[in-house]
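Source file model.cif; content: mmCIF, N, CA, C and O atoms.
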```
data_target
#
loop_
_atom_site.label_atom_id
_atom_site.label_comp_id
_atom_site.auth_asym_id
_atom_site.auth_seq_id
_atom_site.Cartn_x
_atom_site.Cartn_y
_atom_site.Cartn_z
N MET I 4 -7.96 2.24 -6.18
CA MET I 4 -8.96 1.23 -5.99
C MET I 4 -8.33 -0.06 -5.43
O MET I 4 -8.89 -0.68 -4.54
N ALA I 5 -7.17 -0.41 -5.97
CA ALA I 5 -6.50 -1.62 -5.50
C ALA I 5 -6.15 -1.51 -4.02
O ALA I 5 -6.27 -2.48 -3.27
N THR I 6 -5.75 -0.32 -3.60
CA THR I 6 -5.39 -0.11 -2.20
C THR I 6 -6.60 -0.32 -1.29
O THR I 6 -6.51 -0.99 -0.26
N GLY I 7 -7.73 0.24 -1.67
CA GLY I 7 -8.95 0.08 -0.89
C GLY I 7 -9.40 -1.37 -0.84
O GLY I 7 -9.80 -1.87 0.22
N LEU I 8 -9.34 -2.05 -1.97
CA LEU I 8 -9.72 -3.47 -2.00
C LEU I 8 -8.79 -4.32 -1.13
O LEU I 8 -9.23 -5.25 -0.46
N ASN I 9 -7.53 -3.97 -1.15
CA ASN I 9 -6.56 -4.66 -0.31
C ASN I 9 -6.91 -4.46 1.17
O ASN I 9 -6.86 -5.39 1.97
N GLY I 10 -7.25 -3.23 1.51
CA GLY I 10 -7.64 -2.93 2.89
C GLY I 10 -8.87 -3.71 3.31
O GLY I 10 -8.92 -4.27 4.41
N VAL I 11 -9.87 -3.77 2.44
CA VAL I 11 -11.08 -4.54 2.73
C VAL I 11 -10.74 -6.01 2.93
O VAL I 11 -11.24 -6.66 3.85
N ALA I 12 -9.87 -6.54 2.07
CA ALA I 12 -9.47 -7.95 2.19
C ALA I 12 -8.78 -8.22 3.52
O ALA I 12 -9.06 -9.23 4.18
N TYR I 13 -7.88 -7.33 3.92
CA TYR I 13 -7.19 -7.52 5.20
C TYR I 13 -8.17 -7.50 6.36
O TYR I 13 -7.99 -8.21 7.35
N LEU I 14 -9.21 -6.70 6.26
CA LEU I 14 -10.19 -6.63 7.34
C LEU I 14 -11.16 -7.80 7.30
O LEU I 14 -11.44 -8.42 8.32
N ALA I 15 -11.67 -8.11 6.13
CA ALA I 15 -12.71 -9.14 6.00
C ALA I 15 -12.15 -10.56 6.07
O ALA I 15 -12.84 -11.47 6.52
N LEU I 16 -10.93 -10.73 5.62
CA LEU I 16 -10.36 -12.08 5.52
C LEU I 16 -9.16 -12.30 6.45
O LEU I 16 -8.39 -13.23 6.25
N ALA I 17 -9.03 -11.46 7.44
CA ALA I 17 -7.83 -11.51 8.30
C ALA I 17 -7.60 -12.89 8.90
O ALA I 17 -6.47 -13.36 8.94
N THR I 18 -8.65 -13.54 9.35
CA THR I 18 -8.45 -14.85 9.99
C THR I 18 -8.01 -15.91 8.99
O THR I 18 -7.25 -16.81 9.34
N VAL I 19 -8.45 -15.79 7.76
CA VAL I 19 -8.02 -16.73 6.71
C VAL I 19 -6.59 -16.41 6.29
O VAL I 19 -5.75 -17.31 6.15
N LEU I 20 -6.32 -15.12 6.09
CA LEU I 20 -4.99 -14.71 5.63
C LEU I 20 -3.92 -14.91 6.70
O LEU I 20 -2.75 -15.05 6.38
N ASP I 21 -4.33 -14.95 7.96
CA ASP I 21 -3.41 -15.16 9.08
C ASP I 21 -2.56 -16.41 8.84
O ASP I 21 -1.33 -16.35 8.86
N SER I 22 -3.21 -17.51 8.57
CA SER I 22 -2.46 -18.76 8.38
C SER I 22 -1.83 -18.83 6.98
O SER I 22 -0.77 -19.42 6.81
N PHE I 23 -2.47 -18.21 6.01
CA PHE I 23 -1.97 -18.26 4.63
C PHE I 23 -0.69 -17.44 4.48
O PHE I 23 0.29 -17.90 3.91
N PHE I 24 -0.71 -16.21 5.00
CA PHE I 24 0.44 -15.32 4.89
C PHE I 24 1.36 -15.40 6.10
O PHE I 24 2.50 -14.93 6.05
N GLY I 25 0.86 -15.92 7.20
CA GLY I 25 1.65 -15.96 8.42
C GLY I 25 1.74 -14.61 9.11
O GLY I 25 2.64 -14.39 9.92
N ILE I 26 0.84 -13.73 8.78
CA ILE I 26 0.79 -12.39 9.38
C ILE I 26 -0.44 -12.35 10.29
O ILE I 26 -1.56 -12.57 9.83
N THR I 27 -0.24 -12.07 11.56
CA THR I 27 -1.32 -12.13 12.53
C THR I 27 -2.40 -11.09 12.24
O THR I 27 -2.16 -10.06 11.62
N THR I 28 -3.59 -11.38 12.76
CA THR I 28 -4.69 -10.43 12.62
C THR I 28 -4.39 -9.12 13.35
O THR I 28 -4.87 -8.07 12.95
N ALA I 29 -3.56 -9.19 14.38
CA ALA I 29 -3.18 -7.98 15.12
C ALA I 29 -2.41 -7.01 14.22
O ALA I 29 -2.38 -5.81 14.48
N VAL I 30 -1.80 -7.51 13.18
CA VAL I 30 -1.11 -6.66 12.20
C VAL I 30 -2.06 -6.34 11.05
O VAL I 30 -2.12 -5.20 10.58
N GLN I 31 -2.82 -7.32 10.60
CA GLN I 31 -3.67 -7.13 9.44
C GLN I 31 -4.78 -6.11 9.66
O GLN I 31 -5.08 -5.31 8.76
N TYR I 32 -5.40 -6.11 10.83
CA TYR I 32 -6.50 -5.17 11.07
C TYR I 32 -6.04 -3.72 10.99
O TYR I 32 -6.64 -2.93 10.26
N PRO I 33 -4.98 -3.33 11.69
CA PRO I 33 -4.55 -1.92 11.56
C PRO I 33 -4.07 -1.59 10.15
O PRO I 33 -4.31 -0.47 9.66
N VAL I 34 -3.42 -2.52 9.49
CA VAL I 34 -2.97 -2.28 8.11
C VAL I 34 -4.18 -2.11 7.21
O VAL I 34 -4.22 -1.22 6.34
N GLY I 35 -5.20 -2.93 7.40
CA GLY I 35 -6.42 -2.81 6.61
C GLY I 35 -7.10 -1.47 6.79
O GLY I 35 -7.52 -0.82 5.82
N VAL I 36 -7.18 -1.01 8.04
CA VAL I 36 -7.78 0.31 8.31
C VAL I 36 -6.93 1.40 7.66
O VAL I 36 -7.47 2.31 7.01
N PHE I 37 -5.62 1.32 7.82
CA PHE I 37 -4.73 2.30 7.20
C PHE I 37 -4.95 2.34 5.69
O PHE I 37 -5.06 3.43 5.10
N LEU I 38 -4.99 1.17 5.06
CA LEU I 38 -5.14 1.13 3.61
C LEU I 38 -6.46 1.74 3.15
O LEU I 38 -6.51 2.44 2.13
N LEU I 39 -7.53 1.49 3.90
CA LEU I 39 -8.81 2.10 3.54
C LEU I 39 -8.76 3.62 3.66
O LEU I 39 -9.22 4.34 2.76
N LEU I 40 -8.20 4.11 4.74
CA LEU I 40 -8.09 5.56 4.93
C LEU I 40 -7.15 6.18 3.89
O LEU I 40 -7.43 7.25 3.34
N TYR I 41 -6.06 5.49 3.61
CA TYR I 41 -5.11 5.98 2.62
C TYR I 41 -5.76 6.02 1.24
O TYR I 41 -5.57 6.99 0.48
N ALA I 42 -6.54 4.99 0.90
CA ALA I 42 -7.23 4.96 -0.39
C ALA I 42 -8.18 6.15 -0.51
O ALA I 42 -8.29 6.76 -1.59
N LEU I 43 -8.86 6.50 0.56
CA LEU I 43 -9.74 7.66 0.54
C LEU I 43 -8.94 8.95 0.31
O LEU I 43 -9.38 9.84 -0.42
N GLY I 44 -7.77 9.04 0.94
CA GLY I 44 -6.90 10.19 0.73
C GLY I 44 -6.42 10.29 -0.70
O GLY I 44 -6.42 11.38 -1.30
N VAL I 45 -6.02 9.17 -1.27
CA VAL I 45 -5.56 9.15 -2.67
C VAL I 45 -6.72 9.53 -3.59
O VAL I 45 -6.54 10.30 -4.55
N LEU I 46 -7.91 9.03 -3.28
CA LEU I 46 -9.09 9.37 -4.06
C LEU I 46 -9.35 10.88 -4.00
O LEU I 46 -9.64 11.51 -5.03
N ALA I 47 -9.22 11.45 -2.82
CA ALA I 47 -9.43 12.89 -2.66
C ALA I 47 -8.42 13.69 -3.47
O ALA I 47 -8.77 14.70 -4.10
N VAL I 48 -7.17 13.26 -3.49
CA VAL I 48 -6.14 13.96 -4.26
C VAL I 48 -6.37 13.77 -5.76
O VAL I 48 -6.27 14.72 -6.54
N GLY I 49 -6.68 12.54 -6.15
CA GLY I 49 -6.74 12.21 -7.57
C GLY I 49 -8.00 12.61 -8.30
O GLY I 49 -8.03 12.59 -9.53
N THR I 50 -9.06 12.97 -7.58
CA THR I 50 -10.32 13.29 -8.27
C THR I 50 -10.60 14.79 -8.31
O THR I 50 -11.68 15.19 -8.73
N ARG I 51 -9.66 15.59 -7.91
CA ARG I 51 -9.83 17.05 -7.98
C ARG I 51 -9.73 17.51 -9.43
O ARG I 51 -9.02 16.89 -10.24
N LYS I 52 -10.43 18.58 -9.72
CA LYS I 52 -10.37 19.15 -11.06
C LYS I 52 -8.94 19.53 -11.42
O LYS I 52 -8.48 19.32 -12.53
N GLU I 53 -8.25 20.06 -10.41
CA GLU I 53 -6.84 20.40 -10.58
C GLU I 53 -6.05 19.66 -9.50
O GLU I 53 -6.29 19.85 -8.31
N ILE I 54 -5.13 18.81 -9.92
CA ILE I 54 -4.35 18.00 -8.98
C ILE I 54 -3.42 18.91 -8.18
O ILE I 54 -2.68 19.71 -8.74
N ASN I 55 -3.44 18.73 -6.87
CA ASN I 55 -2.57 19.48 -5.98
C ASN I 55 -1.20 18.83 -5.96
O ASN I 55 -1.06 17.65 -5.61
N ARG I 56 -0.17 19.58 -6.34
CA ARG I 56 1.20 19.03 -6.41
C ARG I 56 1.68 18.52 -5.05
O ARG I 56 2.32 17.49 -4.96
N THR I 57 1.35 19.25 -4.00
CA THR I 57 1.77 18.85 -2.66
C THR I 57 1.08 17.55 -2.26
O THR I 57 1.71 16.66 -1.69
N GLY I 58 -0.20 17.46 -2.55
CA GLY I 58 -0.94 16.23 -2.24
C GLY I 58 -0.39 15.04 -3.00
O GLY I 58 -0.21 13.95 -2.44
N LEU I 59 -0.11 15.24 -4.29
CA LEU I 59 0.45 14.15 -5.10
C LEU I 59 1.83 13.77 -4.60
O LEU I 59 2.16 12.58 -4.54
N THR I 60 2.63 14.74 -4.24
CA THR I 60 3.96 14.45 -3.70
C THR I 60 3.84 13.63 -2.41
O THR I 60 4.61 12.67 -2.21
N ALA I 61 2.88 13.97 -1.57
CA ALA I 61 2.67 13.21 -0.32
C ALA I 61 2.28 11.77 -0.62
O ALA I 61 2.75 10.84 0.05
N VAL I 62 1.45 11.57 -1.63
CA VAL I 62 1.06 10.21 -2.03
C VAL I 62 2.28 9.43 -2.51
O VAL I 62 2.48 8.27 -2.14
N ILE I 63 3.11 10.06 -3.32
CA ILE I 63 4.31 9.40 -3.84
C ILE I 63 5.25 9.02 -2.69
O ILE I 63 5.75 7.90 -2.63
N VAL I 64 5.47 9.95 -1.78
CA VAL I 64 6.36 9.69 -0.64
C VAL I 64 5.80 8.55 0.21
O VAL I 64 6.54 7.65 0.63
N ALA I 65 4.50 8.57 0.46
CA ALA I 65 3.88 7.51 1.25
C ALA I 65 4.04 6.16 0.56
O ALA I 65 4.32 5.14 1.21
N ASN I 66 3.86 6.13 -0.75
CA ASN I 66 4.03 4.87 -1.49
C ASN I 66 5.48 4.38 -1.41
O ASN I 66 5.72 3.18 -1.22
N LEU I 67 6.42 5.29 -1.55
CA LEU I 67 7.83 4.88 -1.45
C LEU I 67 8.16 4.40 -0.04
O LEU I 67 8.92 3.43 0.12
N LEU I 68 7.59 5.03 0.95
CA LEU I 68 7.79 4.59 2.33
C LEU I 68 7.22 3.18 2.52
O LEU I 68 7.83 2.34 3.18
N TRP I 69 6.06 2.92 1.93
CA TRP I 69 5.45 1.58 2.00
C TRP I 69 6.41 0.54 1.40
O TRP I 69 6.59 -0.54 1.97
N VAL I 70 7.00 0.88 0.26
CA VAL I 70 7.94 -0.04 -0.40
C VAL I 70 9.12 -0.34 0.51
O VAL I 70 9.46 -1.52 0.74
N VAL I 71 9.72 0.70 1.05
CA VAL I 71 10.89 0.52 1.91
C VAL I 71 10.53 -0.30 3.15
O VAL I 71 11.23 -1.26 3.50
N LEU I 72 9.44 0.07 3.81
CA LEU I 72 9.05 -0.66 5.03
C LEU I 72 8.69 -2.12 4.73
O LEU I 72 8.97 -3.01 5.53
N SER I 73 8.06 -2.36 3.59
CA SER I 73 7.74 -3.73 3.20
C SER I 73 8.99 -4.56 3.02
O SER I 73 9.09 -5.70 3.52
N LEU I 74 9.96 -4.00 2.32
CA LEU I 74 11.20 -4.75 2.07
C LEU I 74 12.01 -4.93 3.35
O LEU I 74 12.60 -5.99 3.57
N VAL I 75 12.01 -3.92 4.21
CA VAL I 75 12.68 -4.06 5.51
C VAL I 75 12.00 -5.16 6.33
O VAL I 75 12.67 -5.96 6.99
N THR I 76 10.69 -5.22 6.26
CA THR I 76 9.94 -6.25 6.98
C THR I 76 10.34 -7.64 6.50
O THR I 76 10.55 -8.55 7.30
N VAL I 77 10.46 -7.80 5.18
CA VAL I 77 10.85 -9.10 4.63
C VAL I 77 12.28 -9.46 5.02
O VAL I 77 12.55 -10.57 5.49
N VAL I 78 13.18 -8.53 4.83
CA VAL I 78 14.59 -8.80 5.11
C VAL I 78 14.84 -9.07 6.59
O VAL I 78 15.59 -9.98 6.95
N SER I 79 14.17 -8.32 7.44
CA SER I 79 14.38 -8.48 8.89
C SER I 79 13.67 -9.71 9.44
O SER I 79 14.05 -10.23 10.48
N GLY I 80 12.62 -10.17 8.74
CA GLY I 80 11.86 -11.31 9.23
C GLY I 80 11.04 -11.01 10.46
O GLY I 80 10.57 -11.93 11.13
N VAL I 81 10.83 -9.74 10.75
CA VAL I 81 10.17 -9.33 11.99
C VAL I 81 8.76 -9.91 12.13
O VAL I 81 8.34 -10.21 13.25
N LEU I 82 8.03 -10.09 11.04
CA LEU I 82 6.67 -10.64 11.14
C LEU I 82 6.62 -12.14 10.91
O LEU I 82 5.56 -12.74 11.02
N SER I 83 7.73 -12.75 10.57
CA SER I 83 7.81 -14.18 10.30
C SER I 83 6.73 -14.67 9.34
O SER I 83 6.00 -15.62 9.63
N PRO I 84 6.63 -14.05 8.16
CA PRO I 84 5.62 -14.51 7.21
C PRO I 84 5.97 -15.88 6.64
O PRO I 84 7.13 -16.29 6.66
N THR I 85 4.96 -16.55 6.13
CA THR I 85 5.19 -17.81 5.41
C THR I 85 5.88 -17.47 4.09
O THR I 85 6.04 -16.29 3.75
N GLY I 86 6.25 -18.48 3.33
CA GLY I 86 6.84 -18.25 2.02
C GLY I 86 5.87 -17.48 1.12
O GLY I 86 6.27 -16.55 0.42
N VAL I 87 4.61 -17.87 1.17
CA VAL I 87 3.59 -17.17 0.38
C VAL I 87 3.46 -15.74 0.86
O VAL I 87 3.34 -14.80 0.06
N GLY I 88 3.49 -15.54 2.17
CA GLY I 88 3.41 -14.19 2.74
C GLY I 88 4.58 -13.33 2.30
O GLY I 88 4.41 -12.15 1.99
N THR I 89 5.76 -13.91 2.28
CA THR I 89 6.95 -13.18 1.85
C THR I 89 6.82 -12.77 0.39
O THR I 89 7.09 -11.61 0.03
N VAL I 90 6.39 -13.69 -0.45
CA VAL I 90 6.20 -13.38 -1.87
C VAL I 90 5.15 -12.28 -2.02
O VAL I 90 5.32 -11.34 -2.80
N TRP I 91 4.05 -12.38 -1.26
CA TRP I 91 2.99 -11.38 -1.32
C TRP I 91 3.52 -9.99 -0.95
O TRP I 91 3.23 -9.01 -1.62
N ILE I 92 4.29 -9.91 0.11
CA ILE I 92 4.84 -8.63 0.55
C ILE I 92 5.74 -8.04 -0.52
O ILE I 92 5.66 -6.84 -0.83
N VAL I 93 6.59 -8.86 -1.11
CA VAL I 93 7.50 -8.37 -2.16
C VAL I 93 6.71 -7.93 -3.39
O VAL I 93 6.95 -6.84 -3.94
N LEU I 94 5.75 -8.76 -3.83
CA LEU I 94 4.95 -8.39 -5.01
C LEU I 94 4.15 -7.12 -4.76
O LEU I 94 4.04 -6.25 -5.63
N GLN I 95 3.61 -7.01 -3.56
CA GLN I 95 2.85 -5.82 -3.20
C GLN I 95 3.76 -4.58 -3.21
O GLN I 95 3.38 -3.53 -3.72
N SER I 96 4.97 -4.72 -2.69
CA SER I 96 5.88 -3.58 -2.68
C SER I 96 6.29 -3.19 -4.10
O SER I 96 6.42 -2.00 -4.41
N LEU I 97 6.47 -4.15 -4.97
CA LEU I 97 6.80 -3.85 -6.37
C LEU I 97 5.64 -3.13 -7.07
O LEU I 97 5.86 -2.18 -7.83
N THR I 98 4.43 -3.55 -6.77
CA THR I 98 3.25 -2.91 -7.34
C THR I 98 3.13 -1.47 -6.86
O THR I 98 2.91 -0.55 -7.66
N VAL I 99 3.29 -1.27 -5.56
CA VAL I 99 3.21 0.08 -5.00
C VAL I 99 4.35 0.94 -5.55
O VAL I 99 4.14 2.12 -5.85
N GLY I 100 5.52 0.36 -5.72
CA GLY I 100 6.62 1.09 -6.33
C GLY I 100 6.29 1.50 -7.76
O GLY I 100 6.63 2.61 -8.20
N GLY I 101 5.61 0.63 -8.48
CA GLY I 101 5.16 0.96 -9.84
C GLY I 101 4.16 2.11 -9.84
O GLY I 101 4.23 3.01 -10.68
N PHE I 102 3.24 2.08 -8.87
CA PHE I 102 2.29 3.19 -8.72
C PHE I 102 3.05 4.49 -8.47
O PHE I 102 2.74 5.52 -9.07
N ALA I 103 4.03 4.45 -7.59
CA ALA I 103 4.81 5.65 -7.26
C ALA I 103 5.53 6.18 -8.50
O ALA I 103 5.58 7.40 -8.72
N ALA I 104 6.07 5.28 -9.30
CA ALA I 104 6.77 5.70 -10.51
C ALA I 104 5.81 6.39 -11.48
O ALA I 104 6.12 7.45 -12.04
N LEU I 105 4.64 5.80 -11.66
CA LEU I 105 3.64 6.41 -12.55
C LEU I 105 3.16 7.75 -12.00
O LEU I 105 2.95 8.71 -12.75
N GLN I 106 2.99 7.82 -10.70
CA GLN I 106 2.56 9.07 -10.09
C GLN I 106 3.64 10.14 -10.25
O GLN I 106 3.33 11.32 -10.47
N TYR I 107 4.89 9.74 -10.16
CA TYR I 107 6.00 10.69 -10.35
C TYR I 107 5.99 11.23 -11.77
O TYR I 107 6.19 12.43 -11.99
N VAL I 108 5.74 10.37 -12.74
CA VAL I 108 5.63 10.82 -14.14
C VAL I 108 4.50 11.84 -14.25
O VAL I 108 4.64 12.88 -14.89
N GLY I 109 3.37 11.53 -13.61
CA GLY I 109 2.24 12.47 -13.63
C GLY I 109 2.59 13.79 -12.98
O GLY I 109 2.20 14.86 -13.47
N LEU I 110 3.33 13.74 -11.87
CA LEU I 110 3.74 14.96 -11.19
C LEU I 110 4.60 15.83 -12.10
O LEU I 110 4.44 17.05 -12.15
N LYS I 111 5.51 15.20 -12.82
CA LYS I 111 6.40 15.94 -13.72
C LYS I 111 5.62 16.60 -14.87
O LYS I 111 6.06 17.60 -15.43
N ARG I 112 4.47 16.04 -15.21
CA ARG I 112 3.66 16.58 -16.31
C ARG I 112 2.78 17.75 -15.85
O ARG I 112 2.20 18.42 -16.69
N LEU I 113 2.66 17.94 -14.54
CA LEU I 113 1.84 19.05 -14.04
C LEU I 113 2.52 20.39 -14.25
O LEU I 113 3.67 20.56 -14.20
#
```

Would you mind writing the file's structure down as structure tokens?
Amino acid sequence: MATGLNGVAYLALATVLDSFFGITTAVQYPVGVFLLLYALGVLAVGTRKEINRTGLTAVIVANLLWVVLSLVTVVSGVLSPTGVGTVWIVLQSLTVGGFAALQYVGLKRL
């Protein structure tokens, strides 16, 4: 749910977040679309009567990839975010990493 809401925020508030985070709308719009589609995929995997191990593994890998790419983005400075934007990216990556850890625990219990 958080992923989908984040996607909606990036799409609906892109012009406001542009100056706040220092991330252009040209980046926010595709990220927002990706997050909405990804949230639908996670919903599809997570609401099955029987969780598909391959689907859950794909979600975990995608979340870990998000964490790595987020941190690389911050370290490289490629998007030139504001200080608030940098903090947001790091906090978001930590949250997604936490989701991945919980999902991994769930995978091990299957």

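Nearest-residue note for Ile63 (chain I): choosing from I:Tyr32, I:Tyr13, I:Trp91, I:Tyr107, the minimum distance belongs to I:Tyr107, counting only N, CA, C and O atoms.
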
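Restricting the calculation to only N, CA, C and O atoms, the smallest distance between Gly25 (chain I) and any of I:Val90, I:Val11, I:Leu72, I:Leu82 is found for I:Leu82.
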
Subject >> Result set of the PyMOL selection byres (((chain I and resi 101-106 and name CA) around 12) and name CA) on the coordinates above, as a VMD selection string >> reply: chain I and resid 4 to 6 45 48 to 49 54 56 58 to 70 94 to 100 107 to 113

**OP:** Let me know the residues the PyMOL selection byres (((chain I and resi 31 and name CA) around 12) and name CA) catches in the file above, as a PyMOL selection string.
**Re:** chain I and resi 9-22+24-30+32-38+82

Take the selection from the previous step and output its residues with N, CA, C and O atoms, as a CSV table (one decimal), keeping the file's coordinate frame.
```
chain,number,residue,atom,x,y,z
I,9,ASN,N,-7.5,-4.0,-1.2
I,9,ASN,CA,-6.6,-4.7,-0.3
I,9,ASN,C,-6.9,-4.5,1.2
I,9,ASN,O,-6.9,-5.4,2.0
I,10,GLY,N,-7.2,-3.2,1.5
I,10,GLY,CA,-7.6,-2.9,2.9
I,10,GLY,C,-8.9,-3.7,3.3
I,10,GLY,O,-8.9,-4.3,4.4
I,11,VAL,N,-9.9,-3.8,2.4
I,11,VAL,CA,-11.1,-4.5,2.7
I,11,VAL,C,-10.7,-6.0,2.9
I,11,VAL,O,-11.2,-6.7,3.8
I,12,ALA,N,-9.9,-6.5,2.1
I,12,ALA,CA,-9.5,-8.0,2.2
I,12,ALA,C,-8.8,-8.2,3.5
I,12,ALA,O,-9.1,-9.2,4.2
I,13,TYR,N,-7.9,-7.3,3.9
I,13,TYR,CA,-7.2,-7.5,5.2
I,13,TYR,C,-8.2,-7.5,6.4
I,13,TYR,O,-8.0,-8.2,7.4
I,14,LEU,N,-9.2,-6.7,6.3
I,14,LEU,CA,-10.2,-6.6,7.3
I,14,LEU,C,-11.2,-7.8,7.3
I,14,LEU,O,-11.4,-8.4,8.3
I,15,ALA,N,-11.7,-8.1,6.1
I,15,ALA,CA,-12.7,-9.1,6.0
I,15,ALA,C,-12.2,-10.6,6.1
I,15,ALA,O,-12.8,-11.5,6.5
I,16,LEU,N,-10.9,-10.7,5.6
I,16,LEU,CA,-10.4,-12.1,5.5
I,16,LEU,C,-9.2,-12.3,6.4
I,16,LEU,O,-8.4,-13.2,6.2
I,17,ALA,N,-9.0,-11.5,7.4
I,17,ALA,CA,-7.8,-11.5,8.3
I,17,ALA,C,-7.6,-12.9,8.9
I,17,ALA,O,-6.5,-13.4,8.9
I,18,THR,N,-8.6,-13.5,9.4
I,18,THR,CA,-8.4,-14.8,10.0
I,18,THR,C,-8.0,-15.9,9.0
I,18,THR,O,-7.2,-16.8,9.3
I,19,VAL,N,-8.4,-15.8,7.8
I,19,VAL,CA,-8.0,-16.7,6.7
I,19,VAL,C,-6.6,-16.4,6.3
I,19,VAL,O,-5.8,-17.3,6.2
I,20,LEU,N,-6.3,-15.1,6.1
I,20,LEU,CA,-5.0,-14.7,5.6
I,20,LEU,C,-3.9,-14.9,6.7
I,20,LEU,O,-2.8,-15.0,6.4
I,21,ASP,N,-4.3,-15.0,8.0
I,21,ASP,CA,-3.4,-15.2,9.1
I,21,ASP,C,-2.6,-16.4,8.8
I,21,ASP,O,-1.3,-16.4,8.9
I,22,SER,N,-3.2,-17.5,8.6
I,22,SER,CA,-2.5,-18.8,8.4
I,22,SER,C,-1.8,-18.8,7.0
I,22,SER,O,-0.8,-19.4,6.8
I,24,PHE,N,-0.7,-16.2,5.0
I,24,PHE,CA,0.4,-15.3,4.9
I,24,PHE,C,1.4,-15.4,6.1
I,24,PHE,O,2.5,-14.9,6.0
I,25,GLY,N,0.9,-15.9,7.2
I,25,GLY,CA,1.6,-16.0,8.4
I,25,GLY,C,1.7,-14.6,9.1
I,25,GLY,O,2.6,-14.4,9.9
I,26,ILE,N,0.8,-13.7,8.8
I,26,ILE,CA,0.8,-12.4,9.4
I,26,ILE,C,-0.4,-12.4,10.3
I,26,ILE,O,-1.6,-12.6,9.8
I,27,THR,N,-0.2,-12.1,11.6
I,27,THR,CA,-1.3,-12.1,12.5
I,27,THR,C,-2.4,-11.1,12.2
I,27,THR,O,-2.2,-10.1,11.6
I,28,THR,N,-3.6,-11.4,12.8
I,28,THR,CA,-4.7,-10.4,12.6
I,28,THR,C,-4.4,-9.1,13.4
I,28,THR,O,-4.9,-8.1,13.0
I,29,ALA,N,-3.6,-9.2,14.4
I,29,ALA,CA,-3.2,-8.0,15.1
I,29,ALA,C,-2.4,-7.0,14.2
I,29,ALA,O,-2.4,-5.8,14.5
I,30,VAL,N,-1.8,-7.5,13.2
I,30,VAL,CA,-1.1,-6.7,12.2
I,30,VAL,C,-2.1,-6.3,11.0
I,30,VAL,O,-2.1,-5.2,10.6
I,32,TYR,N,-5.4,-6.1,10.8
I,32,TYR,CA,-6.5,-5.2,11.1
I,32,TYR,C,-6.0,-3.7,11.0
I,32,TYR,O,-6.6,-2.9,10.3
I,33,PRO,N,-5.0,-3.3,11.7
I,33,PRO,CA,-4.6,-1.9,11.6
I,33,PRO,C,-4.1,-1.6,10.2
I,33,PRO,O,-4.3,-0.5,9.7
I,34,VAL,N,-3.4,-2.5,9.5
I,34,VAL,CA,-3.0,-2.3,8.1
I,34,VAL,C,-4.2,-2.1,7.2
I,34,VAL,O,-4.2,-1.2,6.3
I,35,GLY,N,-5.2,-2.9,7.4
I,35,GLY,CA,-6.4,-2.8,6.6
I,35,GLY,C,-7.1,-1.5,6.8
I,35,GLY,O,-7.5,-0.8,5.8
I,36,VAL,N,-7.2,-1.0,8.0
I,36,VAL,CA,-7.8,0.3,8.3
I,36,VAL,C,-6.9,1.4,7.7
I,36,VAL,O,-7.5,2.3,7.0
I,37,PHE,N,-5.6,1.3,7.8
I,37,PHE,CA,-4.7,2.3,7.2
I,37,PHE,C,-5.0,2.3,5.7
I,37,PHE,O,-5.1,3.4,5.1
I,38,LEU,N,-5.0,1.2,5.1
I,38,LEU,CA,-5.1,1.1,3.6
I,38,LEU,C,-6.5,1.7,3.2
I,38,LEU,O,-6.5,2.4,2.1
I,82,LEU,N,8.0,-10.1,11.0
I,82,LEU,CA,6.7,-10.6,11.1
I,82,LEU,C,6.6,-12.1,10.9
I,82,LEU,O,5.6,-12.7,11.0
```

**OP:** Kindly give the distance, in Å, that separates atom N of Gly86 (chain I) and atom O of Leu74 (chain I), rounded to a single decimal.
**Re:** 14.0 Å

**OP:** May I ask for the distance between CA of Leu8 (chain I) and CA of Leu39 (chain I), given in Å to one decimal place?
**Re:** 7.9 Å

**OP:** Name the residues of chain I that fall into helix (DSSP H, G or I) according to DSSP on the backbone, using the chain letters and numbers of this document, as a ChimeraX atom specification.
**Re:** /I:5-15,17-24,28-49,56-79,86-112

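You will find CA of Asn55 (chain I) at 23.5 Å from atom N of Val71 (chain I).
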
If you take every atom of region 72-76 of chain I that the file lists and fit an axis-aligned box around them with 4 Å extra on each side, what centre and edge lengths come out in Å to one decimal, as lines of an AutoDock Vina configuration file?
```
center_x = 10.2
center_y = -4.2
center_z = 4.7
size_x = 12.9
size_y = 16.6
size_z = 13.2
```
